[in-house]
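The structure file coords_38.pdb is reproduced below (PDB, C-alpha atoms).
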```
ATOM      1  CA  MET O   5       0.000   0.000   0.000
ATOM      2  CA  SER O   6       2.719   2.462   0.976
ATOM      3  CA  GLY O   7       4.716   1.361  -2.081
ATOM      4  CA  ALA O   8       1.737   2.128  -4.304
ATOM      5  CA  LEU O   9       1.384   5.554  -2.669
ATOM      6  CA  LYS O  10       5.076   6.254  -3.209
ATOM      7  CA  ARG O  11       4.651   5.483  -6.916
ATOM      8  CA  VAL O  12       2.049   8.264  -7.276
ATOM      9  CA  ALA O  13       3.711  11.255  -8.958
ATOM     10  CA  TRP O  14       4.261  14.200  -6.576
ATOM     11  CA  GLU O  15       2.136  16.540  -8.650
ATOM     12  CA  HIS O  16      -0.966  14.411  -8.053
ATOM     13  CA  TRP O  17      -0.737  15.209  -4.320
ATOM     14  CA  VAL O  18      -0.573  18.910  -5.192
ATOM     15  CA  GLY O  19      -3.585  18.490  -7.496
ATOM     16  CA  LEU O  20      -5.503  16.653  -4.784
ATOM     17  CA  ALA O  21      -4.765  19.455  -2.297
ATOM     18  CA  GLY O  22      -6.017  21.944  -4.907
ATOM     19  CA  LEU O  23      -9.198  19.953  -5.449
ATOM     20  CA  VAL O  24      -9.938  19.767  -1.699
ATOM     21  CA  LEU O  25      -9.281  23.504  -1.312
ATOM     22  CA  LEU O  26     -11.498  24.276  -4.317
ATOM     23  CA  GLY O  27     -14.296  22.270  -2.690
ATOM     24  CA  ILE O  28     -13.905  24.213   0.561
ATOM     25  CA  GLY O  29     -13.565  27.558  -1.250
ATOM     26  CA  SER O  30     -16.646  26.842  -3.364
ATOM     27  CA  TYR O  31     -18.660  25.961  -0.258
ATOM     28  CA  VAL O  32     -17.556  29.110   1.570
ATOM     29  CA  GLY O  33     -18.102  31.311  -1.507
ATOM     30  CA  LEU O  34     -21.433  29.841  -2.598
ATOM     31  CA  VAL O  35     -23.012  29.003   0.767
ATOM     32  CA  GLU O  36     -21.324  30.716   3.710
ATOM     33  CA  ALA O  37     -20.454  34.155   2.315
ATOM     34  CA  PRO O  38     -23.265  36.723   2.233
ATOM     35  CA  PRO O  39     -24.580  38.087  -1.093
ATOM     36  CA  GLU O  40     -22.868  41.302  -2.175
ATOM     37  CA  ARG O  41     -24.892  44.425  -1.292
ATOM     38  CA  TYR O  42     -25.347  45.739  -4.853
ATOM     39  CA  MET O  43     -24.700  42.713  -7.051
ATOM     40  CA  GLY O  44     -26.630  40.214  -4.948
ATOM     41  CA  GLU O  45     -25.862  36.556  -5.696
ATOM     42  CA  VAL O  46     -24.077  37.464  -8.945
ATOM     43  CA  GLY O  47     -21.241  38.840  -6.818
ATOM     44  CA  ARG O  48     -20.332  35.232  -5.960
ATOM     45  CA  ILE O  49     -18.824  34.879  -9.447
ATOM     46  CA  LEU O  50     -15.967  37.046  -8.162
ATOM     47  CA  TYR O  51     -14.920  34.287  -5.721
ATOM     48  CA  ILE O  52     -13.731  32.262  -8.705
ATOM     49  CA  HIS O  53     -13.068  35.110 -11.190
ATOM     50  CA  VAL O  54     -10.577  37.091  -9.097
ATOM     51  CA  PRO O  55      -8.455  34.055  -8.032
ATOM     52  CA  THR O  56      -8.458  32.862 -11.663
ATOM     53  CA  ALA O  57      -7.106  36.255 -12.733
ATOM     54  CA  TRP O  58      -4.353  36.170 -10.096
ATOM     55  CA  ILE O  59      -3.223  32.656 -10.970
ATOM     56  CA  ALA O  60      -3.500  33.193 -14.755
ATOM     57  CA  LEU O  61      -1.187  36.230 -14.592
ATOM     58  CA  LEU O  62       1.160  34.391 -12.208
ATOM     59  CA  THR O  63       1.335  31.336 -14.517
ATOM     60  CA  LEU O  64       2.145  33.472 -17.550
ATOM     61  CA  THR O  65       4.755  35.375 -15.544
ATOM     62  CA  VAL O  66       6.395  32.051 -14.652
ATOM     63  CA  ALA O  67       6.251  31.183 -18.383
ATOM     64  CA  ALA O  68       8.254  34.337 -19.098
ATOM     65  CA  VAL O  69      10.786  33.457 -16.369
ATOM     66  CA  ALA O  70      11.153  29.926 -17.780
ATOM     67  CA  ALA O  71      11.577  31.393 -21.278
ATOM     68  CA  GLY O  72      14.338  33.666 -20.025
ATOM     69  CA  MET O  73      15.995  30.756 -18.227
ATOM     70  CA  TRP O  74      15.931  28.644 -21.416
ATOM     71  CA  LEU O  75      17.581  31.445 -23.383
ATOM     72  CA  TRP O  76      20.199  31.817 -20.647
ATOM     73  CA  LYS O  77      20.934  28.244 -19.536
ATOM     74  CA  ARG O  78      19.675  26.174 -22.516
ATOM     75  CA  ARG O  79      18.539  23.386 -20.223
ATOM     76  CA  PRO O  80      15.626  21.389 -21.732
ATOM     77  CA  GLY O  81      13.746  21.404 -18.409
ATOM     78  CA  TRP O  82      13.099  25.137 -18.823
ATOM     79  CA  ASP O  83      11.474  24.517 -22.199
ATOM     80  CA  ASP O  84       9.236  21.886 -20.576
ATOM     81  CA  VAL O  85       8.186  24.396 -17.907
ATOM     82  CA  GLN O  86       7.607  27.226 -20.388
ATOM     83  CA  VAL O  87       5.325  25.153 -22.625
ATOM     84  CA  GLY O  88       3.476  23.900 -19.529
ATOM     85  CA  CYS O  89       2.941  27.418 -18.221
ATOM     86  CA  VAL O  90       1.900  28.790 -21.617
ATOM     87  CA  GLU O  91      -0.675  26.040 -22.198
ATOM     88  CA  VAL O  92      -2.122  26.185 -18.669
ATOM     89  CA  GLY O  93      -2.033  29.998 -18.764
ATOM     90  CA  ILE O  94      -4.158  29.949 -21.931
ATOM     91  CA  ILE O  95      -6.710  27.699 -20.202
ATOM     92  CA  LEU O  96      -6.828  30.028 -17.178
ATOM     93  CA  VAL O  97      -7.257  33.167 -19.313
ATOM     94  CA  ALA O  98     -10.031  31.432 -21.286
ATOM     95  CA  MET O  99     -11.748  30.596 -17.961
ATOM     96  CA  LEU O 100     -11.238  34.191 -16.865
ATOM     97  CA  LEU O 101     -12.938  35.610 -19.969
ATOM     98  CA  VAL O 102     -15.883  33.206 -19.645
ATOM     99  CA  GLN O 103     -16.366  34.127 -15.970
ATOM    100  CA  GLY O 104     -16.008  37.845 -16.697
ATOM    101  CA  SER O 105     -18.493  37.782 -19.579
ATOM    102  CA  THR O 106     -20.990  35.797 -17.504
ATOM    103  CA  TRP O 107     -20.655  38.345 -14.702
ATOM    104  CA  ALA O 108     -20.843  41.326 -17.108
ATOM    105  CA  ARG O 109     -24.190  40.329 -18.650
ATOM    106  CA  PRO O 110     -26.347  40.757 -15.513
ATOM    107  CA  THR O 111     -24.303  43.673 -14.102
ATOM    108  CA  TRP O 112     -23.270  45.745 -17.143
ATOM    109  CA  GLY O 113     -26.033  44.490 -19.449
ATOM    110  CA  VAL O 114     -23.645  43.086 -22.078
ATOM    111  CA  PHE O 115     -21.457  39.999 -22.368
ATOM    112  CA  TRP O 116     -18.621  41.992 -23.892
ATOM    113  CA  THR O 117     -17.444  45.544 -24.274
ATOM    114  CA  TRP O 118     -14.141  46.889 -25.566
ATOM    115  CA  ASP O 119     -13.073  48.045 -22.136
ATOM    116  CA  PRO O 120      -9.261  48.292 -21.637
ATOM    117  CA  ARG O 121      -9.132  45.456 -19.063
ATOM    118  CA  LEU O 122     -11.239  43.137 -21.229
ATOM    119  CA  THR O 123      -9.451  44.047 -24.439
ATOM    120  CA  THR O 124      -5.942  43.579 -23.030
ATOM    121  CA  ALA O 125      -7.026  40.232 -21.504
ATOM    122  CA  ALA O 126      -8.384  39.092 -24.895
ATOM    123  CA  ILE O 127      -5.089  40.156 -26.522
ATOM    124  CA  LEU O 128      -3.251  38.115 -23.853
ATOM    125  CA  LEU O 129      -5.226  35.007 -24.810
ATOM    126  CA  LEU O 130      -4.616  35.499 -28.539
ATOM    127  CA  ALA O 131      -0.915  36.305 -28.044
ATOM    128  CA  PHE O 132      -0.236  33.082 -26.135
ATOM    129  CA  ILE O 133      -2.309  31.009 -28.588
ATOM    130  CA  ALA O 134      -0.016  32.494 -31.258
ATOM    131  CA  VAL O 135       3.007  31.330 -29.215
ATOM    132  CA  LEU O 136       1.738  27.729 -29.321
ATOM    133  CA  ALA O 137       0.878  28.041 -33.027
ATOM    134  CA  LEU O 138       4.409  29.228 -33.749
ATOM    135  CA  ARG O 139       5.811  26.358 -31.667
ATOM    136  CA  ALA O 140       3.838  23.835 -33.716
ATOM    137  CA  PHE O 141       5.432  25.084 -36.931
ATOM    138  CA  VAL O 142       9.074  24.524 -35.922
ATOM    139  CA  ASP O 143      10.443  21.009 -36.433
ATOM    140  CA  ASP O 144      13.892  21.269 -34.851
ATOM    141  CA  ALA O 145      13.552  20.894 -31.063
ATOM    142  CA  TYR O 146      16.312  23.376 -30.196
ATOM    143  CA  ARG O 147      14.947  26.083 -32.503
ATOM    144  CA  ARG O 148      11.419  25.334 -31.304
ATOM    145  CA  ALA O 149      12.408  25.982 -27.690
ATOM    146  CA  THR O 150      14.228  29.185 -28.641
ATOM    147  CA  TRP O 151      11.418  30.558 -30.816
ATOM    148  CA  THR O 152       8.875  29.689 -28.122
ATOM    149  CA  ALA O 153      10.966  31.499 -25.514
ATOM    150  CA  VAL O 154      11.316  34.654 -27.615
ATOM    151  CA  ALA O 155       7.606  34.654 -28.499
ATOM    152  CA  THR O 156       6.674  34.031 -24.857
ATOM    153  CA  LEU O 157       8.732  37.020 -23.738
ATOM    154  CA  VAL O 158       7.048  39.210 -26.374
ATOM    155  CA  ALA O 159       3.538  37.993 -25.404
ATOM    156  CA  ALA O 160       4.303  38.400 -21.691
ATOM    157  CA  VAL O 161       4.692  42.158 -22.183
ATOM    158  CA  ASP O 162       0.879  42.189 -22.046
ATOM    159  CA  VAL O 163       0.798  40.658 -18.532
ATOM    160  CA  PRO O 164       1.594  43.897 -16.632
ATOM    161  CA  ILE O 165      -0.540  45.837 -19.134
ATOM    162  CA  VAL O 166      -3.561  43.672 -18.203
ATOM    163  CA  TYR O 167      -2.784  44.123 -14.508
ATOM    164  CA  TYR O 168      -2.354  47.900 -14.581
ATOM    165  CA  SER O 169      -5.001  48.608 -17.263
ATOM    166  CA  VAL O 170      -7.518  49.582 -14.565
ATOM    167  CA  LYS O 171      -5.061  52.221 -13.307
ATOM    168  CA  TRP O 172      -3.773  53.510 -16.630
ATOM    169  CA  TRP O 173      -7.081  53.945 -18.472
ATOM    170  CA  ARG O 174     -10.619  54.920 -17.631
ATOM    171  CA  THR O 175     -12.424  51.605 -17.384
ATOM    172  CA  LEU O 176     -15.734  50.007 -16.431
ATOM    173  CA  HIS O 177     -13.829  47.260 -14.660
ATOM    174  CA  GLN O 178     -13.318  47.464 -10.905
ATOM    175  CA  ASP O 179     -10.065  48.828  -9.554
ATOM    176  CA  PHE O 180      -7.595  46.647  -7.599
ATOM    177  CA  SER O 181      -9.121  45.046  -4.533
ATOM    178  CA  SER O 182      -7.319  44.670  -1.228
ATOM    179  CA  PRO O 183      -8.266  43.301   2.200
ATOM    180  CA  GLU O 184      -9.024  46.935   3.141
ATOM    181  CA  THR O 185     -11.617  47.305   0.372
ATOM    182  CA  VAL O 186     -13.260  43.871   0.665
ATOM    183  CA  ALA O 187     -15.449  42.743   3.592
ATOM    184  CA  GLY O 188     -13.777  40.176   5.831
ATOM    185  CA  SER O 189     -16.401  37.512   5.085
ATOM    186  CA  MET O 190     -15.562  37.854   1.377
ATOM    187  CA  THR O 191     -11.761  37.684   1.589
ATOM    188  CA  LEU O 192     -11.779  34.097   2.914
ATOM    189  CA  PRO O 193     -13.281  32.409  -0.199
ATOM    190  CA  LEU O 194     -11.023  34.566  -2.405
ATOM    191  CA  ARG O 195      -7.929  33.390  -0.546
ATOM    192  CA  ILE O 196      -8.946  29.727  -0.378
ATOM    193  CA  ASN O 197      -9.764  29.616  -4.098
ATOM    194  CA  ALA O 198      -6.517  31.427  -4.934
ATOM    195  CA  PHE O 199      -4.509  28.661  -3.228
ATOM    196  CA  ALA O 200      -6.789  26.023  -4.790
ATOM    197  CA  LEU O 201      -6.139  27.329  -8.303
ATOM    198  CA  LEU O 202      -2.434  27.792  -7.557
ATOM    199  CA  PHE O 203      -2.148  24.107  -6.622
ATOM    200  CA  LEU O 204      -4.317  22.967  -9.537
ATOM    201  CA  ALA O 205      -2.314  25.072 -12.010
ATOM    202  CA  THR O 206       0.937  23.676 -10.570
ATOM    203  CA  TRP O 207      -0.442  20.154 -11.041
ATOM    204  CA  LEU O 208      -1.324  20.801 -14.697
ATOM    205  CA  VAL O 209       1.962  22.590 -15.486
ATOM    206  CA  ALA O 210       3.877  19.648 -13.976
ATOM    207  CA  ARG O 211       1.813  17.158 -16.022
ATOM    208  CA  ARG O 212       2.347  19.146 -19.239
ATOM    209  CA  ALA O 213       6.066  19.453 -18.529
ATOM    210  CA  ARG O 214       6.173  15.683 -17.941
ATOM    211  CA  LEU O 215       4.505  15.160 -21.337
ATOM    212  CA  ALA O 216       7.093  17.374 -23.044
ATOM    213  CA  ARG O 217       9.910  15.460 -21.307
ATOM    214  CA  LEU O 218       8.396  12.128 -22.305
ATOM    215  CA  LYS O 219       8.111  13.170 -25.946
ATOM    216  CA  ARG O 220      11.674  14.464 -25.989
ATOM    217  CA  GLY O 221      12.958  11.145 -24.650
ATOM    218  CA  THR O 222      16.719  10.937 -24.346
ATOM    219  CA  ARG O 223      17.429  13.316 -27.211
ATOM    220  CA  VAL O 224      19.815  16.128 -26.359
ATOM    221  CA  LEU O 225      18.766  19.593 -27.503
ATOM    222  CA  GLU O 226      21.605  21.061 -29.517
ATOM    223  CA  PRO O 227      21.853  24.011 -31.876
ATOM    224  CA  PRO O 228      21.279  22.831 -35.468
ATOM    225  CA  LYS O 229      24.477  22.202 -37.453
ATOM    226  CA  ARG O 230      25.550  25.005 -39.715
ATOM    227  CA  SER O 231      25.467  24.491 -43.457
ATOM    228  CA  ALA O 232      28.059  22.074 -44.827
ATOM    229  CA  LEU O 233      28.779  24.539 -47.601
ATOM    230  CA  VAL O 234      31.561  26.699 -46.237
ATOM    231  CA  ALA O 235      33.214  29.413 -48.273
ATOM    232  CA  GLY O 236      36.807  28.673 -49.329
ATOM    233  CA  GLU O 237      39.413  28.816 -46.618
TER     234      GLU O 237
ATOM    235  CA  MET Y  22     -32.097  49.154  -2.816
ATOM    236  CA  ASP Y  23     -32.027  50.800  -6.248
ATOM    237  CA  GLY Y  24     -29.622  49.111  -8.614
ATOM    238  CA  VAL Y  25     -29.578  45.800  -6.756
ATOM    239  CA  ILE Y  26     -29.392  42.833  -9.103
ATOM    240  CA  LEU Y  27     -31.938  40.320  -7.917
ATOM    241  CA  GLY Y  28     -31.547  36.581  -8.344
ATOM    242  CA  GLY Y  29     -28.653  35.681 -10.542
ATOM    243  CA  TRP Y  30     -27.901  32.144  -9.376
ATOM    244  CA  GLU Y  31     -28.136  31.027 -13.021
ATOM    245  CA  TRP Y  32     -25.227  33.346 -13.873
ATOM    246  CA  VAL Y  33     -23.233  32.069 -10.906
ATOM    247  CA  ALA Y  34     -23.850  28.463 -11.996
ATOM    248  CA  ALA Y  35     -22.923  29.286 -15.603
ATOM    249  CA  ALA Y  36     -19.674  31.057 -14.639
ATOM    250  CA  TRP Y  37     -18.465  28.344 -12.264
ATOM    251  CA  GLY Y  38     -19.774  25.466 -14.383
ATOM    252  CA  VAL Y  39     -18.446  26.530 -17.790
ATOM    253  CA  SER Y  40     -15.058  27.739 -16.538
ATOM    254  CA  LEU Y  41     -14.399  24.688 -14.363
ATOM    255  CA  GLY Y  42     -15.677  22.564 -17.271
ATOM    256  CA  ILE Y  43     -12.918  24.052 -19.459
ATOM    257  CA  PHE Y  44     -10.393  23.221 -16.733
ATOM    258  CA  VAL Y  45     -11.581  19.622 -16.295
ATOM    259  CA  THR Y  46     -11.696  19.047 -20.064
ATOM    260  CA  TYR Y  47      -8.098  20.238 -20.402
ATOM    261  CA  ALA Y  48      -6.987  18.020 -17.489
ATOM    262  CA  VAL Y  49      -8.652  14.946 -19.033
ATOM    263  CA  VAL Y  50      -7.202  15.632 -22.509
ATOM    264  CA  LEU Y  51      -3.753  16.139 -20.967
ATOM    265  CA  GLU Y  52      -3.927  12.784 -19.163
ATOM    266  CA  VAL Y  53      -4.968  11.077 -22.425
ATOM    267  CA  ARG Y  54      -2.005  12.701 -24.211
ATOM    268  CA  LEU Y  55       0.306  11.515 -21.416
ATOM    269  CA  ARG Y  56      -0.993   7.938 -21.663
ATOM    270  CA  ARG Y  57      -0.554   7.933 -25.434
ATOM    271  CA  ALA Y  58       2.975   9.311 -25.107
ATOM    272  CA  ARG Y  59       3.790   6.613 -22.538
ATOM    273  CA  GLY Y  60       2.394   4.032 -24.969
ATOM    274  CA  ARG Y  61       4.806   5.269 -27.605
ATOM    275  CA  ASP Y  62       7.663   5.602 -25.103
ATOM    276  CA  GLY Y  63      10.488   3.308 -26.050
ATOM    277  CA  ALA Y  64       9.467   3.070 -29.677
ATOM    278  CA  ALA Y  65      12.188   4.105 -32.084
ATOM    279  CA  GLY Y  66      11.998   7.351 -34.011
ATOM    280  CA  GLN Y  67      10.040   9.405 -31.544
ATOM    281  CA  GLU Y  68       8.415  12.548 -32.699
ATOM    282  CA  GLY Y  69       9.915  15.759 -31.329
ATOM    283  CA  ALA Y  70       8.389  17.331 -28.232
ATOM    284  CA  ARG Y  71       5.768  19.914 -29.157
TER     285      ARG Y  71
END
```

Starting from the file, give its structure as structure tokens.
Amino acid sequence: MSGALKRVAWEHWVGLAGLVLLGIGSYVGLVEAPPERYMGEVGRILYIHVPTAWIALLTLTVAAVAAGMWLWKRRPGWDDVQVGCVEVGIILVAMLLVQGSTWARPTWGVFWTWDPRLTTAAILLLAFIAVLALRAFVDDAYRRATWTAVATLVAAVDVPIVYYSVKWWRTLHQDFSSPETVAGSMTLPLRINAFALLFLATWLVARRARLARLKRGTRVLEPPKRSALVAGE
Amino acid sequence: MDGVILGGWEWVAAAWGVSLGIFVTYAVVLEVRLRRARGRDGAAGQEGAR
């Protein structure tokens, strides 16, 4: 029994912890927390929307760090992490946009508006989808990792723009929230779900990195050989 | 009470349900991809990591 438990990959324990926390956070957010004064029950969407935003931006920031580390160290593990973070980051931003649109319809009256926060978040999604599309077009593994890293760094420029968009431009979207601006009974589900999504995102990034490692096998990533045609010496 | 949005549980259910559905779908597809890759593991001439 203990041998079987030891054989379970470490990331599954992290995923399980995330799942348990998400269950607790959902209960607290959907049952225990009071309805928001102006938004009523619809305000409960924020208990999943805000943590998703935090973890999506964090995941894509880690993608940029991994991209930088690949360009610096050229260790294949960094490429595994960057592709994991990019893919999981795309999923989180897609979830974010669905949650935001579903919240916007009953509160703003529309599913979508070209508000700076929404627009920059949509650009973030498209930019990182473009990173994966570019990756799929490169056959050589070494070049693929390098092109992905460069594209990831370019796309990641939008991460701070999304974050600060509510400060830089006039926007319908709420400003930053802090424990000082949110009622105590509402901060608990936000925090629990933030840790839940952090653990779940870590689980998925680790699984995706494992897939990349498995596909690479024992091959060593090396710069492609230069052309055999060399000008006369 | 002006401006209060009444009801709205359907929007809450839609937001949580659809977004977590995306997450679960991705997790399932990823596990299937991992199993397939493990099935191919060891076979000669592996495809490059995408």

Distance cut-off 6 Å, counting all atoms listed in the file - which residues of chain O neighbour chain Y? Return them as a short mmCIF file (atom, residue, chain, number, x, y, z; two decimals) with C-alpha atoms, in the coordinates of the input.
```cif
data_model
loop_
_atom_site.label_atom_id
_atom_site.label_comp_id
_atom_site.auth_asym_id
_atom_site.auth_seq_id
_atom_site.Cartn_x
_atom_site.Cartn_y
_atom_site.Cartn_z
CA TYR O 42 -25.35 45.74 -4.85
CA MET O 43 -24.70 42.71 -7.05
CA GLY O 44 -26.63 40.21 -4.95
CA GLU O 45 -25.86 36.56 -5.70
CA VAL O 46 -24.08 37.46 -8.94
CA ILE O 49 -18.82 34.88 -9.45
CA MET O 99 -11.75 30.60 -17.96
CA GLN O 103 -16.37 34.13 -15.97
CA THR O 106 -20.99 35.80 -17.50
CA LEU O 215 4.50 15.16 -21.34
CA ALA O 216 7.09 17.37 -23.04
CA LYS O 219 8.11 13.17 -25.95
CA ARG O 220 11.67 14.46 -25.99
#
```

Starting from the displayed file, determine the output of the PyMOL selection byres ((chain O and resi 134) around 12) and express the residue list as a PyMOL selection string. chain O and resi 90-91+94+127-133+135-141+151-152+155-156+158-159

Which residues are close to Leu204 in chain O, i.e. within 12 Å by all atoms listed in the file, leaving aside same-chain residues fewer than 6 positions away? Reply as a PyMOL selection string. (chain O and resi 15-26+55-56+59-60+63+92-93+95-96+197-198+210-211) or (chain Y and resi 41+44-45+47-48)

I'd like to know which of O:Val85, O:Leu194, O:Val12, O:Leu34 is closest to Gly72 in chain O, using all atoms listed in the file. O:Val85

How far is it from CA of Glu226 in chain O to CA of Gly88 in chain O, in Å with one decimal?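 Distance between the two atoms: 20.9 Å.
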
Enumerate, as a ChimeraX atom specification, the residues matched when the PyMOL selection byres ((chain O and resi 70) around 10) is run on the file above. /O:64-69,71-76,81-89,153,156-157

Take the residues from that selection and write them out as a PDB file, in the coordinates of the input, keeping C-alpha atoms.
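Okay, again.pdb is ready:
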```
ATOM      1  CA  LEU O  64       2.145  33.472 -17.550  1.00  0.00           C
ATOM      2  CA  THR O  65       4.755  35.375 -15.544  1.00  0.00           C
ATOM      3  CA  VAL O  66       6.395  32.051 -14.652  1.00  0.00           C
ATOM      4  CA  ALA O  67       6.251  31.183 -18.383  1.00  0.00           C
ATOM      5  CA  ALA O  68       8.254  34.337 -19.098  1.00  0.00           C
ATOM      6  CA  VAL O  69      10.786  33.457 -16.369  1.00  0.00           C
ATOM      7  CA  ALA O  71      11.577  31.393 -21.278  1.00  0.00           C
ATOM      8  CA  GLY O  72      14.338  33.666 -20.025  1.00  0.00           C
ATOM      9  CA  MET O  73      15.995  30.756 -18.227  1.00  0.00           C
ATOM     10  CA  TRP O  74      15.931  28.644 -21.416  1.00  0.00           C
ATOM     11  CA  LEU O  75      17.581  31.445 -23.383  1.00  0.00           C
ATOM     12  CA  TRP O  76      20.199  31.817 -20.647  1.00  0.00           C
ATOM     13  CA  GLY O  81      13.746  21.404 -18.409  1.00  0.00           C
ATOM     14  CA  TRP O  82      13.099  25.137 -18.823  1.00  0.00           C
ATOM     15  CA  ASP O  83      11.474  24.517 -22.199  1.00  0.00           C
ATOM     16  CA  ASP O  84       9.236  21.886 -20.576  1.00  0.00           C
ATOM     17  CA  VAL O  85       8.186  24.396 -17.907  1.00  0.00           C
ATOM     18  CA  GLN O  86       7.607  27.226 -20.388  1.00  0.00           C
ATOM     19  CA  VAL O  87       5.325  25.153 -22.625  1.00  0.00           C
ATOM     20  CA  GLY O  88       3.476  23.900 -19.529  1.00  0.00           C
ATOM     21  CA  CYS O  89       2.941  27.418 -18.221  1.00  0.00           C
ATOM     22  CA  ALA O 153      10.966  31.499 -25.514  1.00  0.00           C
ATOM     23  CA  THR O 156       6.674  34.031 -24.857  1.00  0.00           C
ATOM     24  CA  LEU O 157       8.732  37.020 -23.738  1.00  0.00           C
TER      25      LEU O 157
END
```

Range 172-175 of chain O environment, 12 Å, only C-alpha atoms, sequence neighbours closer than 2 positions dropped, as a ChimeraX atom specification: /O:117-124,164-170,177-180

Which distance in Å separates CA of Ala57 in chain O and CA of Val97 in chain O, to one decimal?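 Value for the CA of Ala57 in chain O-CA of Val97 in chain O distance: 7.3 Å.
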
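Across the model, the gap from CA of Pro38 in chain O to CA of Trp116 in chain O is 27.1 Å.
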
Contact residues around Tyr146 in chain O with all atoms listed in the file at 8 Å, ignoring same-chain residues under 4 positions, as number ranges by chain: O: 150, 225-228

May I ask which of the residues O:Ile52, O:Leu208, O:Val154, O:Ala187 is the closest one to Pro39 in chain O, counting only C-alpha atoms? O:Ala187

For range 47-52 of chain Y, where the input has fewer atoms than it should, I would like all heavy atoms rebuilt and written as a short mmCIF file (atom, residue, chain, number, x, y, z; two decimals), keeping the file's coordinate frame.
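Final file, part_35.cif:
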```cif
data_model
loop_
_atom_site.label_atom_id
_atom_site.label_comp_id
_atom_site.auth_asym_id
_atom_site.auth_seq_id
_atom_site.Cartn_x
_atom_site.Cartn_y
_atom_site.Cartn_z
N TYR Y 47 -9.53 20.16 -20.11
CA TYR Y 47 -8.10 20.24 -20.40
C TYR Y 47 -7.33 19.17 -19.61
O TYR Y 47 -6.46 18.50 -20.17
CB TYR Y 47 -7.54 21.63 -20.07
CG TYR Y 47 -6.05 21.71 -20.24
CD1 TYR Y 47 -5.47 21.69 -21.51
CD2 TYR Y 47 -5.19 21.76 -19.14
CE1 TYR Y 47 -4.10 21.73 -21.67
CE2 TYR Y 47 -3.82 21.80 -19.30
CZ TYR Y 47 -3.28 21.79 -20.56
OH TYR Y 47 -1.91 21.82 -20.73
N ALA Y 48 -7.69 19.00 -18.33
CA ALA Y 48 -6.99 18.02 -17.49
C ALA Y 48 -7.17 16.61 -18.04
O ALA Y 48 -6.21 15.83 -18.10
CB ALA Y 48 -7.51 18.11 -16.05
N VAL Y 49 -8.38 16.29 -18.49
CA VAL Y 49 -8.65 14.95 -19.03
C VAL Y 49 -7.87 14.74 -20.33
O VAL Y 49 -7.21 13.71 -20.53
CB VAL Y 49 -10.17 14.75 -19.26
CG1 VAL Y 49 -10.45 13.48 -20.04
CG2 VAL Y 49 -10.91 14.73 -17.92
N VAL Y 50 -7.92 15.74 -21.23
CA VAL Y 50 -7.20 15.63 -22.51
C VAL Y 50 -5.70 15.48 -22.27
O VAL Y 50 -5.02 14.68 -22.93
CB VAL Y 50 -7.50 16.87 -23.39
CG1 VAL Y 50 -6.58 16.92 -24.61
CG2 VAL Y 50 -8.95 16.87 -23.85
N LEU Y 51 -5.18 16.21 -21.29
CA LEU Y 51 -3.75 16.14 -20.97
C LEU Y 51 -3.38 14.73 -20.48
O LEU Y 51 -2.34 14.19 -20.88
CB LEU Y 51 -3.42 17.20 -19.90
CG LEU Y 51 -1.96 17.37 -19.51
CD1 LEU Y 51 -1.09 17.65 -20.73
CD2 LEU Y 51 -1.82 18.52 -18.52
N GLU Y 52 -4.20 14.14 -19.65
CA GLU Y 52 -3.93 12.78 -19.16
C GLU Y 52 -3.96 11.78 -20.31
O GLU Y 52 -3.15 10.86 -20.36
CB GLU Y 52 -4.93 12.38 -18.07
CG GLU Y 52 -4.71 13.06 -16.74
CD GLU Y 52 -3.31 12.87 -16.17
OE1 GLU Y 52 -2.80 11.73 -16.15
OE2 GLU Y 52 -2.69 13.86 -15.74
#
```
